[in-house]
Amino acid sequence: MNRRDALTLDFPKQQRQDFSNTARTNTGLTPYSGQWTLSEVQHLLRRAMFGSSKTDADYFLAQGMTASISELLTAPGSVPSPPLWTYASNYADPNVAQGQTWVTAPYDGQANGYRNKSYKAWWVGQMLDQSHSILEKMTLFWSNHFSTESYAVNDARYSYSTNALCRQYALGNFKTLTKLITLDSGMLKYLNGYLNTNTAPDENYGRELQELFTVGKDANGVPFYSQSDVIAAAHVLTGYRINSATIASYFDSTRHDTANKTFSSFYGNTVITGQSGANGANELDDLLTMIFSTNEVALFICRKLYRFFVYYEIDAATETNVIQPLATIFRNNNYDILPVLSALLSSEHFFDPLNRGCIIKAPVDILIAMCRDYNVVFPNSSNIIAQYTMWFKMAQYLAIISQNVGDPPNVAGWAAYYQEPGYHELWINSDSLPKRNQFTDAMIYTGITGSGNTIIVDVVAYTAALTTPDDPDLLIQEVIDRHYSEDVSNTVKSYLKNILLSGQASNSYWTNAWNDYLGSPTNMTYYNIVLTRLQAMYKYIMDLSEYQLS
């Protein structure tokens, strides 16, 4: 079974269209001026957040597009508290008390595995508890762009520091973030920057800085930079080390190469003058100034943003109408990310019908979004062991369906965000799709249990909050509108209605059952009648291929 068959189940296989010589759509960055309905709201929130509750969607619907995007592009006023030690029952960390943070504590080899679990649980918790902001989506974007693997870094304190940096500058200046990531202890550890010396230059970070983080490659996959540029960059970056006690990097001038560094014609044959002593650290600024003076940096990042938020293939029309204007905005704003996001998310291109329901959801957009869409209740901070346990359960399920937060497969991040020609199709295969469905089925019927707590979709409470839950036709339509990117056939709606009516013909079979429950909500017979029908309906809705699309 191939990935397309796995997604569409029994529907005929559809061939991938070749848009290389045609325009899939000619829309561009002209501000969107069309209708503002639940459809537009849900499209925006699916792409800019990890799901949305009915309350969230209704809130943004009332706000209008301009105010909604403005709020989404505003970072929360407070920084989240760091992850906590919550595994004292399994191992007593000699440096951290139960319920206290470990992010500044001394390294402990035995504790590190538990700290990594805490870090991953904490990150999932931030996604689940996100505010009305694109911050969490952008934190994931930058963490995937500046990818590190916690198991390879092997110090949860450093992994957290990288995440915190991506979070702090998620809506800030990309050039500043690039410099700080270069000096970040987690990145220095991951790509051997702390081992890069004048006597033994290490090319690892010098290559990835150019190939994966800034200028990229041309349309044929050929790097713009040369091998000599990798070597020269490596020499510029010699001398940085990590202070394990302070969890920060520092510059050791005795390990720095003070010779001049000459770059290729791609960089205008720039020569970075070697400097000695503390001034050697200034060469990093010269290196970034040189790199960011090229046009390719803005184009490279704008293409990545486009594939993350809009669509995976970029044809000639999109390159001309969207990518190049975005890159100009990026450069003209000195690489501040907000003007780019504002232009993209406000555009007629973003809201183009052809850009809705066209991307297979990443695992985080299935699991995290489902919990938020259905108001799943997690343990609160009054019981941090239970809270972190359930957050980590979610992290484990994400790993099972191929998105292990904190541990992408390699320095390039998750392949579905960049690997052509498959892109998003890489999320779906004959193994991952059934596991997605197993998760949503479990959340509908039995829930997931840990530390004596269970998280579950309360289908009855969720349905009660909808507009007209006693009318099966209106109920089904509202659920479809809130959970699918596009409408479905009357055949599907008839099947869903048949579930609610238990195979009967009259709407009253559902209406009476629902009203009986409302009139006596503690009557378990009435409750179980609506519960079993709703469970079957929501299970079917989330098992269909349409639910896999954003």
# chains A, B, ... in the order shown; residues from 1 in each chain; ligands from 1
>>> closest_atom_pairs(of="range 279-363 of chain A", to="range 395-405 of chain A", cutoff="12 Å", atoms="only C-alpha atoms", output="JSON lines")
{"residue": "A:Lys361", "atom": "CA", "partner": "A:Gln403", "partner_atom": "CA", "distance": 11.4}
{"residue": "A:Ala362", "atom": "CA", "partner": "A:Gln403", "partner_atom": "CA", "distance": 7.8}
{"residue": "A:Pro363", "atom": "CA", "partner": "A:Leu398", "partner_atom": "CA", "distance": 6.0}
>>> write_last_selection(atoms="C-alpha atoms", output="PDB file, in the first residue's frame")
ATOM      1  CA  LYS A 361      -1.604  16.965   9.030  1.00  0.00           C
ATOM      2  CA  ALA A 362       1.648  16.453  10.890  1.00  0.00           C
ATOM      3  CA  PRO A 363       1.316  14.270  14.000  1.00  0.00           C
TER       4      PRO A 363
END
>>> residues_around(residues="range 232-238 of chain A", least_positions_apart="2", cutoff="10 Å", atoms="only C-alpha atoms", output="ChimeraX atom specification")
/A:182-183,193-207,209-210,226-230,240-241,251-264,271-275,280-288
>>> write_last_selection(atoms="C-alpha atoms", output="mmCIF file, in the first residue's frame")
data_model
loop_
_atom_site.group_PDB
_atom_site.id
_atom_site.type_symbol
_atom_site.label_atom_id
_atom_site.label_comp_id
_atom_site.auth_asym_id
_atom_site.auth_seq_id
_atom_site.Cartn_x
_atom_site.Cartn_y
_atom_site.Cartn_z
ATOM 1 C CA THR A 182 25.318 29.647 16.585
ATOM 2 C CA LEU A 183 26.453 30.401 20.138
ATOM 3 C CA GLY A 193 31.063 23.564 17.485
ATOM 4 C CA TYR A 194 32.610 23.270 20.917
ATOM 5 C CA LEU A 195 35.296 20.997 19.418
ATOM 6 C CA ASN A 196 36.143 23.381 16.573
ATOM 7 C CA THR A 197 39.679 24.699 17.136
ATOM 8 C CA ASN A 198 42.510 26.331 15.208
ATOM 9 C CA THR A 199 44.487 23.088 15.302
ATOM 10 C CA ALA A 200 41.540 20.825 14.447
ATOM 11 C CA PRO A 201 38.859 22.758 12.533
ATOM 12 C CA ASP A 202 35.465 21.037 12.462
ATOM 13 C CA GLU A 203 33.373 21.777 9.357
ATOM 14 C CA ASN A 204 30.075 20.450 10.701
ATOM 15 C CA TYR A 205 28.381 23.671 11.765
ATOM 16 C CA GLY A 206 30.024 25.765 9.040
ATOM 17 C CA ARG A 207 28.330 23.544 6.461
ATOM 18 C CA LEU A 209 24.865 27.106 8.784
ATOM 19 C CA GLN A 210 24.926 27.650 5.025
ATOM 20 C CA SER A 226 31.395 25.959 -2.150
ATOM 21 C CA GLN A 227 33.415 23.535 -0.073
ATOM 22 C CA SER A 228 35.975 26.283 0.378
ATOM 23 C CA ASP A 229 33.226 28.407 1.973
ATOM 24 C CA VAL A 230 32.522 25.598 4.435
ATOM 25 C CA TYR A 240 33.743 28.568 21.070
ATOM 26 C CA ARG A 241 33.276 26.322 24.083
ATOM 27 C CA PHE A 251 34.900 32.341 23.447
ATOM 28 C CA ASP A 252 38.408 30.974 24.013
ATOM 29 C CA SER A 253 40.776 33.127 21.944
ATOM 30 C CA THR A 254 43.616 30.617 22.311
ATOM 31 C CA ARG A 255 41.632 28.128 20.223
ATOM 32 C CA HIS A 256 40.690 30.626 17.513
ATOM 33 C CA ASP A 257 42.264 30.803 14.038
ATOM 34 C CA THR A 258 43.486 34.401 13.621
ATOM 35 C CA ALA A 259 44.330 34.108 9.910
ATOM 36 C CA ASN A 260 42.258 35.825 7.193
ATOM 37 C CA LYS A 261 39.401 33.776 5.738
ATOM 38 C CA THR A 262 38.627 34.049 2.014
ATOM 39 C CA PHE A 263 35.229 33.100 0.574
ATOM 40 C CA SER A 264 34.076 32.231 -2.946
ATOM 41 C CA VAL A 271 37.777 38.271 2.960
ATOM 42 C CA ILE A 272 37.032 38.190 6.682
ATOM 43 C CA THR A 273 40.024 39.671 8.426
ATOM 44 C CA GLY A 274 41.373 37.454 11.171
ATOM 45 C CA GLN A 275 41.360 38.972 14.641
ATOM 46 C CA GLY A 280 38.234 37.144 17.427
ATOM 47 C CA ALA A 281 34.592 36.716 18.422
ATOM 48 C CA ASN A 282 33.723 39.648 16.150
ATOM 49 C CA GLU A 283 34.410 37.491 13.124
ATOM 50 C CA LEU A 284 31.050 35.785 13.652
ATOM 51 C CA ASP A 285 29.316 39.114 13.015
ATOM 52 C CA ASP A 286 31.370 39.554 9.839
ATOM 53 C CA LEU A 287 30.414 36.053 8.712
ATOM 54 C CA LEU A 288 26.692 36.646 9.249
#
>>> closest_residue(among="A:Gly216, A:Pro408, A:Pro379, A:Pro434", to="Asp543 in chain A", atoms="only C-alpha atoms")
A:Pro434
>>> select_by_dssp(residues="range 30-133 of chain A", states="helix (DSSP H, G or I)", output="ChimeraX atom specification")
/A:38-48,54-63,65-72,109-128
>>> closest_atom_pairs(of="range 314-389 of chain A", to="range 293-299 of chain A", cutoff="12 Å", atoms="only C-alpha atoms", output="Markdown table")
| residue | atom | partner | partner_atom | distance |
| --- | --- | --- | --- | --- |
| A:Ile314 | CA | A:Leu299 | CA | 12.0 |
| A:Glu319 | CA | A:Leu299 | CA | 9.3 |
| A:Thr320 | CA | A:Leu299 | CA | 11.2 |
| A:Val322 | CA | A:Leu299 | CA | 10.4 |
| A:Ile323 | CA | A:Leu299 | CA | 6.7 |
| A:Gln324 | CA | A:Leu299 | CA | 6.7 |
| A:Pro325 | CA | A:Leu299 | CA | 9.3 |
| A:Leu326 | CA | A:Leu299 | CA | 7.9 |
| A:Ala327 | CA | A:Ala298 | CA | 4.8 |
| A:Thr328 | CA | A:Ala298 | CA | 7.5 |
| A:Ile329 | CA | A:Ala298 | CA | 8.8 |
| A:Phe330 | CA | A:Ala298 | CA | 6.1 |
| A:Arg331 | CA | A:Ala298 | CA | 6.4 |
| A:Asn332 | CA | A:Ala298 | CA | 10.1 |
| A:Asn333 | CA | A:Ala298 | CA | 10.7 |
| A:Asn334 | CA | A:Ala298 | CA | 10.0 |
| A:Tyr335 | CA | A:Ala298 | CA | 7.6 |
| A:Asp336 | CA | A:Ala298 | CA | 10.6 |
| A:Ile337 | CA | A:Ala298 | CA | 10.3 |
| A:Val340 | CA | A:Ala298 | CA | 10.1 |
>>> write_last_selection(atoms="N, CA and C atoms", output="short mmCIF file (atom, residue, chain, number, x, y, z; two decimals), in the first residue's frame")
data_model
loop_
_atom_site.label_atom_id
_atom_site.label_comp_id
_atom_site.auth_asym_id
_atom_site.auth_seq_id
_atom_site.Cartn_x
_atom_site.Cartn_y
_atom_site.Cartn_z
N ILE A 314 5.99 24.55 -4.74
CA ILE A 314 6.09 25.94 -5.15
C ILE A 314 6.30 25.98 -6.66
N GLU A 319 6.23 31.25 -6.93
CA GLU A 319 7.55 31.84 -6.74
C GLU A 319 7.52 33.33 -7.08
N THR A 320 6.83 33.67 -8.16
CA THR A 320 6.77 35.06 -8.60
C THR A 320 5.81 35.89 -7.76
N VAL A 322 4.33 35.15 -4.74
CA VAL A 322 4.33 35.03 -3.28
C VAL A 322 5.74 35.05 -2.70
N ILE A 323 6.58 34.13 -3.15
CA ILE A 323 7.89 33.96 -2.52
C ILE A 323 8.78 35.19 -2.70
N GLN A 324 8.92 35.65 -3.92
CA GLN A 324 9.80 36.79 -4.16
C GLN A 324 9.33 38.06 -3.47
N PRO A 325 8.02 38.39 -3.50
CA PRO A 325 7.57 39.56 -2.73
C PRO A 325 7.77 39.39 -1.23
N LEU A 326 7.56 38.19 -0.72
CA LEU A 326 7.80 37.95 0.71
C LEU A 326 9.27 38.15 1.05
N ALA A 327 10.15 37.66 0.19
CA ALA A 327 11.59 37.81 0.43
C ALA A 327 11.99 39.29 0.44
N THR A 328 11.37 40.07 -0.43
CA THR A 328 11.64 41.51 -0.43
C THR A 328 11.19 42.15 0.88
N ILE A 329 10.02 41.76 1.35
CA ILE A 329 9.54 42.25 2.65
C ILE A 329 10.51 41.86 3.75
N PHE A 330 10.99 40.64 3.70
CA PHE A 330 11.92 40.12 4.71
C PHE A 330 13.20 40.96 4.74
N ARG A 331 13.80 41.17 3.57
CA ARG A 331 15.04 41.93 3.51
C ARG A 331 14.82 43.39 3.89
N ASN A 332 13.72 43.98 3.41
CA ASN A 332 13.46 45.40 3.69
C ASN A 332 13.19 45.66 5.17
N ASN A 333 12.81 44.61 5.90
CA ASN A 333 12.56 44.74 7.33
C ASN A 333 13.70 44.14 8.16
N ASN A 334 14.90 44.09 7.54
CA ASN A 334 16.10 43.64 8.25
C ASN A 334 15.92 42.28 8.88
N TYR A 335 15.17 41.40 8.21
CA TYR A 335 14.97 40.01 8.61
C TYR A 335 14.10 39.85 9.87
N ASP A 336 13.25 40.82 10.15
CA ASP A 336 12.20 40.62 11.15
C ASP A 336 11.14 39.70 10.56
N ILE A 337 10.68 38.73 11.34
CA ILE A 337 9.78 37.71 10.81
C ILE A 337 8.33 38.16 10.77
N VAL A 340 6.67 39.41 7.48
CA VAL A 340 6.52 38.32 6.52
C VAL A 340 5.29 37.49 6.85
#
>>> residues_around(residues="Trp122 in chain A", least_positions_apart="2", cutoff="10 Å", atoms="only C-alpha atoms", output="ChimeraX atom specification")
/A:80-84,116-120,124-128,160,387-388,391-392,395
